[in-house]
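K.L.:
Questions regarding the structure given below will be posed in turn.
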Amino acid sequence: MTAEERNAMNQHIAYWTEKQNQEIALIFGPVRKPNDPHGLAIIEVENADQVPKLIAEDPAVMRE
């Protein structure tokens, strides 16, 4: 992992930790699949229209 990737991952974790503190993200974390690294989050929102914004504002998504 490069320094840039590590920074993005730290921002990503901070973002979802804040969502967890706001009781939006009920649980989140990495999926252990070395050949296809990704994560999983279970969220609770009032309206499904909120989901695209949550994803788009994730620092790990924004950098792509």
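Scheme for the structure tokens: letters A, B, ... for chains in order shown; per-chain residue numbers from 1; ligand numbers from 1 in order shown.
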Write out as an MDAnalysis selection string all residues of range 9-59 of chain A that backbone DSSP assigns to strand (DSSP E).

P.N.:
chainID A and resid 25:31 38:43

K.L.:
Keeping all heavy atoms, export the residues of the selection given above as a PDB file, in the first residue's frame.

P.N.:
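Output contents, as saved in result21.pdb:
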ATOM      1  N   ALA A  25     -24.203   4.195  10.069  1.00  0.00           N
ATOM      2  CA  ALA A  25     -23.528   2.921   9.798  1.00  0.00           C
ATOM      3  C   ALA A  25     -23.656   2.064  11.049  1.00  0.00           C
ATOM      4  O   ALA A  25     -23.182   2.432  12.113  1.00  0.00           O
ATOM      5  CB  ALA A  25     -22.057   3.144   9.454  1.00  0.00           C
ATOM      6  N   LEU A  26     -24.352   0.952  10.919  1.00  0.00           N
ATOM      7  CA  LEU A  26     -24.521   0.065  12.068  1.00  0.00           C
ATOM      8  C   LEU A  26     -23.279  -0.778  12.276  1.00  0.00           C
ATOM      9  O   LEU A  26     -22.894  -1.068  13.408  1.00  0.00           O
ATOM     10  CB  LEU A  26     -25.741  -0.826  11.861  1.00  0.00           C
ATOM     11  CG  LEU A  26     -27.057  -0.082  11.583  1.00  0.00           C
ATOM     12  CD1 LEU A  26     -28.183  -1.068  11.364  1.00  0.00           C
ATOM     13  CD2 LEU A  26     -27.383   0.900  12.689  1.00  0.00           C
ATOM     14  N   ILE A  27     -22.645  -1.158  11.174  1.00  0.00           N
ATOM     15  CA  ILE A  27     -21.408  -1.936  11.209  1.00  0.00           C
ATOM     16  C   ILE A  27     -20.705  -1.734   9.871  1.00  0.00           C
ATOM     17  O   ILE A  27     -21.345  -1.554   8.834  1.00  0.00           O
ATOM     18  CB  ILE A  27     -21.685  -3.432  11.480  1.00  0.00           C
ATOM     19  CG1 ILE A  27     -20.393  -4.185  11.735  1.00  0.00           C
ATOM     20  CG2 ILE A  27     -22.508  -4.058  10.374  1.00  0.00           C
ATOM     21  CD1 ILE A  27     -20.607  -5.585  12.276  1.00  0.00           C
ATOM     22  N   PHE A  28     -19.378  -1.729   9.901  1.00  0.00           N
ATOM     23  CA  PHE A  28     -18.619  -1.644   8.654  1.00  0.00           C
ATOM     24  C   PHE A  28     -17.249  -2.257   8.877  1.00  0.00           C
ATOM     25  O   PHE A  28     -16.777  -2.352  10.012  1.00  0.00           O
ATOM     26  CB  PHE A  28     -18.485  -0.199   8.165  1.00  0.00           C
ATOM     27  CG  PHE A  28     -17.574   0.656   9.004  1.00  0.00           C
ATOM     28  CD1 PHE A  28     -16.236   0.798   8.660  1.00  0.00           C
ATOM     29  CD2 PHE A  28     -18.039   1.305  10.126  1.00  0.00           C
ATOM     30  CE1 PHE A  28     -15.383   1.570   9.433  1.00  0.00           C
ATOM     31  CE2 PHE A  28     -17.203   2.087  10.910  1.00  0.00           C
ATOM     32  CZ  PHE A  28     -15.867   2.219  10.561  1.00  0.00           C
ATOM     33  N   GLY A  29     -16.639  -2.686   7.809  1.00  0.00           N
ATOM     34  CA  GLY A  29     -15.298  -3.233   7.920  1.00  0.00           C
ATOM     35  C   GLY A  29     -14.843  -3.903   6.644  1.00  0.00           C
ATOM     36  O   GLY A  29     -15.590  -3.992   5.673  1.00  0.00           O
ATOM     37  N   PRO A  30     -13.618  -4.378   6.652  1.00  0.00           N
ATOM     38  CA  PRO A  30     -13.058  -5.004   5.454  1.00  0.00           C
ATOM     39  C   PRO A  30     -13.583  -6.423   5.261  1.00  0.00           C
ATOM     40  O   PRO A  30     -13.988  -7.086   6.209  1.00  0.00           O
ATOM     41  CB  PRO A  30     -11.552  -5.035   5.750  1.00  0.00           C
ATOM     42  CG  PRO A  30     -11.482  -5.106   7.239  1.00  0.00           C
ATOM     43  CD  PRO A  30     -12.654  -4.318   7.745  1.00  0.00           C
ATOM     44  N   VAL A  31     -13.573  -6.832   4.017  1.00  0.00           N
ATOM     45  CA  VAL A  31     -13.866  -8.220   3.649  1.00  0.00           C
ATOM     46  C   VAL A  31     -12.519  -8.856   3.334  1.00  0.00           C
ATOM     47  O   VAL A  31     -11.769  -8.354   2.507  1.00  0.00           O
ATOM     48  CB  VAL A  31     -14.807  -8.291   2.430  1.00  0.00           C
ATOM     49  CG1 VAL A  31     -14.981  -9.718   1.954  1.00  0.00           C
ATOM     50  CG2 VAL A  31     -16.152  -7.660   2.763  1.00  0.00           C
ATOM     51  N   HIS A  38     -12.106  -5.319  -0.582  1.00  0.00           N
ATOM     52  CA  HIS A  38     -13.253  -4.416  -0.518  1.00  0.00           C
ATOM     53  C   HIS A  38     -13.828  -4.460   0.885  1.00  0.00           C
ATOM     54  O   HIS A  38     -13.332  -5.189   1.731  1.00  0.00           O
ATOM     55  CB  HIS A  38     -14.301  -4.773  -1.575  1.00  0.00           C
ATOM     56  CG  HIS A  38     -14.856  -6.158  -1.467  1.00  0.00           C
ATOM     57  ND1 HIS A  38     -14.184  -7.277  -1.899  1.00  0.00           N
ATOM     58  CD2 HIS A  38     -16.019  -6.611  -0.949  1.00  0.00           C
ATOM     59  CE1 HIS A  38     -14.914  -8.353  -1.667  1.00  0.00           C
ATOM     60  NE2 HIS A  38     -16.032  -7.990  -1.081  1.00  0.00           N
ATOM     61  N   GLY A  39     -14.837  -3.677   1.129  1.00  0.00           N
ATOM     62  CA  GLY A  39     -15.449  -3.624   2.447  1.00  0.00           C
ATOM     63  C   GLY A  39     -16.949  -3.819   2.359  1.00  0.00           C
ATOM     64  O   GLY A  39     -17.535  -3.896   1.276  1.00  0.00           O
ATOM     65  N   LEU A  40     -17.548  -3.861   3.520  1.00  0.00           N
ATOM     66  CA  LEU A  40     -18.979  -4.066   3.635  1.00  0.00           C
ATOM     67  C   LEU A  40     -19.490  -3.162   4.739  1.00  0.00           C
ATOM     68  O   LEU A  40     -18.856  -3.029   5.792  1.00  0.00           O
ATOM     69  CB  LEU A  40     -19.270  -5.527   3.991  1.00  0.00           C
ATOM     70  CG  LEU A  40     -20.711  -5.902   4.243  1.00  0.00           C
ATOM     71  CD1 LEU A  40     -21.479  -5.902   2.926  1.00  0.00           C
ATOM     72  CD2 LEU A  40     -20.777  -7.277   4.877  1.00  0.00           C
ATOM     73  N   ALA A  41     -20.624  -2.519   4.503  1.00  0.00           N
ATOM     74  CA  ALA A  41     -21.245  -1.689   5.529  1.00  0.00           C
ATOM     75  C   ALA A  41     -22.733  -1.996   5.570  1.00  0.00           C
ATOM     76  O   ALA A  41     -23.363  -2.200   4.536  1.00  0.00           O
ATOM     77  CB  ALA A  41     -21.035  -0.203   5.237  1.00  0.00           C
ATOM     78  N   ILE A  42     -23.264  -2.035   6.765  1.00  0.00           N
ATOM     79  CA  ILE A  42     -24.704  -2.141   6.965  1.00  0.00           C
ATOM     80  C   ILE A  42     -25.134  -0.798   7.520  1.00  0.00           C
ATOM     81  O   ILE A  42     -24.641  -0.349   8.559  1.00  0.00           O
ATOM     82  CB  ILE A  42     -25.063  -3.279   7.928  1.00  0.00           C
ATOM     83  CG1 ILE A  42     -24.604  -4.611   7.327  1.00  0.00           C
ATOM     84  CG2 ILE A  42     -26.562  -3.288   8.211  1.00  0.00           C
ATOM     85  CD1 ILE A  42     -24.750  -5.795   8.245  1.00  0.00           C
ATOM     86  N   ILE A  43     -26.010  -0.139   6.789  1.00  0.00           N
ATOM     87  CA  ILE A  43     -26.415   1.211   7.162  1.00  0.00           C
ATOM     88  C   ILE A  43     -27.926   1.263   7.376  1.00  0.00           C
ATOM     89  O   ILE A  43     -28.670   0.412   6.886  1.00  0.00           O
ATOM     90  CB  ILE A  43     -25.991   2.245   6.099  1.00  0.00           C
ATOM     91  CG1 ILE A  43     -26.644   1.953   4.754  1.00  0.00           C
ATOM     92  CG2 ILE A  43     -24.476   2.290   5.958  1.00  0.00           C
ATOM     93  CD1 ILE A  43     -26.411   3.016   3.701  1.00  0.00           C
TER      94      ILE A  43
END

K.L.:
Can you pull out every residue within 8 Å of range 2-15 of chain A, counting only C-alpha atoms, but drop anything in the same chain fewer than 4 positions away, and send it as a PDB file with all heavy atoms, in the first residue's frame?

P.N.:
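As written to disk, around36.pdb reads:
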ATOM      1  N   LYS A  19     -19.947   8.123  10.555  1.00  0.00           N
ATOM      2  CA  LYS A  19     -21.310   7.668  10.227  1.00  0.00           C
ATOM      3  C   LYS A  19     -21.815   6.693  11.287  1.00  0.00           C
ATOM      4  O   LYS A  19     -22.998   6.685  11.621  1.00  0.00           O
ATOM      5  CB  LYS A  19     -21.370   7.031   8.836  1.00  0.00           C
ATOM      6  CG  LYS A  19     -21.009   7.976   7.704  1.00  0.00           C
ATOM      7  CD  LYS A  19     -21.871   9.212   7.730  1.00  0.00           C
ATOM      8  CE  LYS A  19     -21.434  10.215   6.675  1.00  0.00           C
ATOM      9  NZ  LYS A  19     -21.986  11.548   6.914  1.00  0.00           N
ATOM     10  N   ASP A  58     -17.727   9.283   0.369  1.00  0.00           N
ATOM     11  CA  ASP A  58     -16.688   8.448   0.971  1.00  0.00           C
ATOM     12  C   ASP A  58     -15.349   8.826   0.332  1.00  0.00           C
ATOM     13  O   ASP A  58     -15.198   8.765  -0.886  1.00  0.00           O
ATOM     14  CB  ASP A  58     -17.021   6.980   0.701  1.00  0.00           C
ATOM     15  CG  ASP A  58     -16.025   5.999   1.277  1.00  0.00           C
ATOM     16  OD1 ASP A  58     -14.864   6.396   1.550  1.00  0.00           O
ATOM     17  OD2 ASP A  58     -16.396   4.836   1.445  1.00  0.00           O
ATOM     18  N   PRO A  59     -14.351   9.215   1.130  1.00  0.00           N
ATOM     19  CA  PRO A  59     -13.053   9.600   0.564  1.00  0.00           C
ATOM     20  C   PRO A  59     -12.406   8.534  -0.320  1.00  0.00           C
ATOM     21  O   PRO A  59     -11.724   8.866  -1.283  1.00  0.00           O
ATOM     22  CB  PRO A  59     -12.195   9.882   1.790  1.00  0.00           C
ATOM     23  CG  PRO A  59     -13.164  10.239   2.855  1.00  0.00           C
ATOM     24  CD  PRO A  59     -14.381   9.386   2.581  1.00  0.00           C
ATOM     25  N   ALA A  60     -12.642   7.285  -0.031  1.00  0.00           N
ATOM     26  CA  ALA A  60     -12.059   6.226  -0.858  1.00  0.00           C
ATOM     27  C   ALA A  60     -12.722   6.165  -2.230  1.00  0.00           C
ATOM     28  O   ALA A  60     -12.099   5.812  -3.214  1.00  0.00           O
ATOM     29  CB  ALA A  60     -12.182   4.867  -0.167  1.00  0.00           C
ATOM     30  N   ARG A  63     -11.729   9.493  -4.556  1.00  0.00           N
ATOM     31  CA  ARG A  63     -10.386   9.572  -5.149  1.00  0.00           C
ATOM     32  C   ARG A  63     -10.266   8.781  -6.442  1.00  0.00           C
ATOM     33  O   ARG A  63      -9.307   8.898  -7.161  1.00  0.00           O
ATOM     34  CB  ARG A  63      -9.334   9.121  -4.142  1.00  0.00           C
ATOM     35  CG  ARG A  63      -9.380   7.642  -3.812  1.00  0.00           C
ATOM     36  CD  ARG A  63      -8.343   7.274  -2.753  1.00  0.00           C
ATOM     37  NE  ARG A  63      -7.000   7.289  -3.223  1.00  0.00           N
ATOM     38  CZ  ARG A  63      -6.431   6.280  -3.895  1.00  0.00           C
ATOM     39  NH1 ARG A  63      -7.094   5.210  -4.168  1.00  0.00           N
ATOM     40  NH2 ARG A  63      -5.180   6.381  -4.276  1.00  0.00           N
TER      41      ARG A  63
END

K.L.:
Hey, which of A:Val61, A:Asp36, A:Val51, A:Met1 ends up closest to Ile24 in chain A? Count only C-alpha atoms.

P.N.:
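Closest candidate: A:Val51.
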
K.L.:
Mind pulling up the distance from CA of Pro37 in chain A to CA of Gln50 in chain A?

P.N.:
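Rounded to one decimal, the two atoms are 24.9 Å apart.
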
K.L.:
Report, in Å with one decimal, the straight-line distance from CA of Ile55 in chain A to CA of Asn35 in chain A.

P.N.:
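Between CA of Ile55 in chain A and CA of Asn35 in chain A the gap works out to 22.5 Å.
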
K.L.:
Just list the residues in chain A DSSP gives alpha helix (DSSP H) on the backbone, as a list in words.

P.N.:
Ala3, Glu4, Glu5, Arg6, Asn7, Ala8, Met9, Asn10, Gln11, His12, Ile13, Ala14, Tyr15, Trp16, Thr17, Glu18, Lys19, Gln20, Asn21, Val51, Pro52, Lys53, Leu54, Ile55, Ala56, Pro59, Ala60, Val61 and Met62 of chain A

K.L.:
Would you mind exporting C-alpha atoms of the selected residues as a JSON list (two decimals), in the first residue's frame?

P.N.:
[["chain", "number", "residue", "atom", "x", "y", "z"],
["A", 3, "ALA", "CA", 1.36, 6.38, 1.34],
["A", 4, "GLU", "CA", -1.42, 7.90, -0.79],
["A", 5, "GLU", "CA", -3.50, 4.71, -0.56],
["A", 6, "ARG", "CA", -2.91, 4.50, 3.20],
["A", 7, "ASN", "CA", -4.04, 8.12, 3.60],
["A", 8, "ALA", "CA", -7.19, 7.45, 1.56],
["A", 9, "MET", "CA", -7.91, 4.34, 3.65],
["A", 10, "ASN", "CA", -7.47, 6.27, 6.90],
["A", 11, "GLN", "CA", -9.89, 8.94, 5.63],
["A", 12, "HIS", "CA", -12.30, 6.20, 4.55],
["A", 13, "ILE", "CA", -12.23, 4.62, 8.02],
["A", 14, "ALA", "CA", -12.70, 8.02, 9.68],
["A", 15, "TYR", "CA", -15.66, 8.77, 7.40],
["A", 16, "TRP", "CA", -17.47, 5.53, 8.25],
["A", 17, "THR", "CA", -16.56, 5.83, 11.94],
["A", 18, "GLU", "CA", -18.28, 9.22, 11.95],
["A", 19, "LYS", "CA", -21.31, 7.67, 10.23],
["A", 20, "GLN", "CA", -21.30, 4.99, 12.91],
["A", 21, "ASN", "CA", -21.19, 7.68, 15.62],
["A", 51, "VAL", "CA", -27.42, 6.00, -0.10],
["A", 52, "PRO", "CA", -25.79, 7.38, -3.30],
["A", 53, "LYS", "CA", -24.72, 10.53, -1.42],
["A", 54, "LEU", "CA", -23.19, 8.50, 1.42],
["A", 55, "ILE", "CA", -21.19, 6.50, -1.09],
["A", 56, "ALA", "CA", -20.19, 9.48, -3.21],
["A", 59, "PRO", "CA", -13.05, 9.60, 0.56],
["A", 60, "ALA", "CA", -12.06, 6.23, -0.86],
["A", 61, "VAL", "CA", -14.70, 6.56, -3.58],
["A", 62, "MET", "CA", -14.03, 10.22, -4.28]]
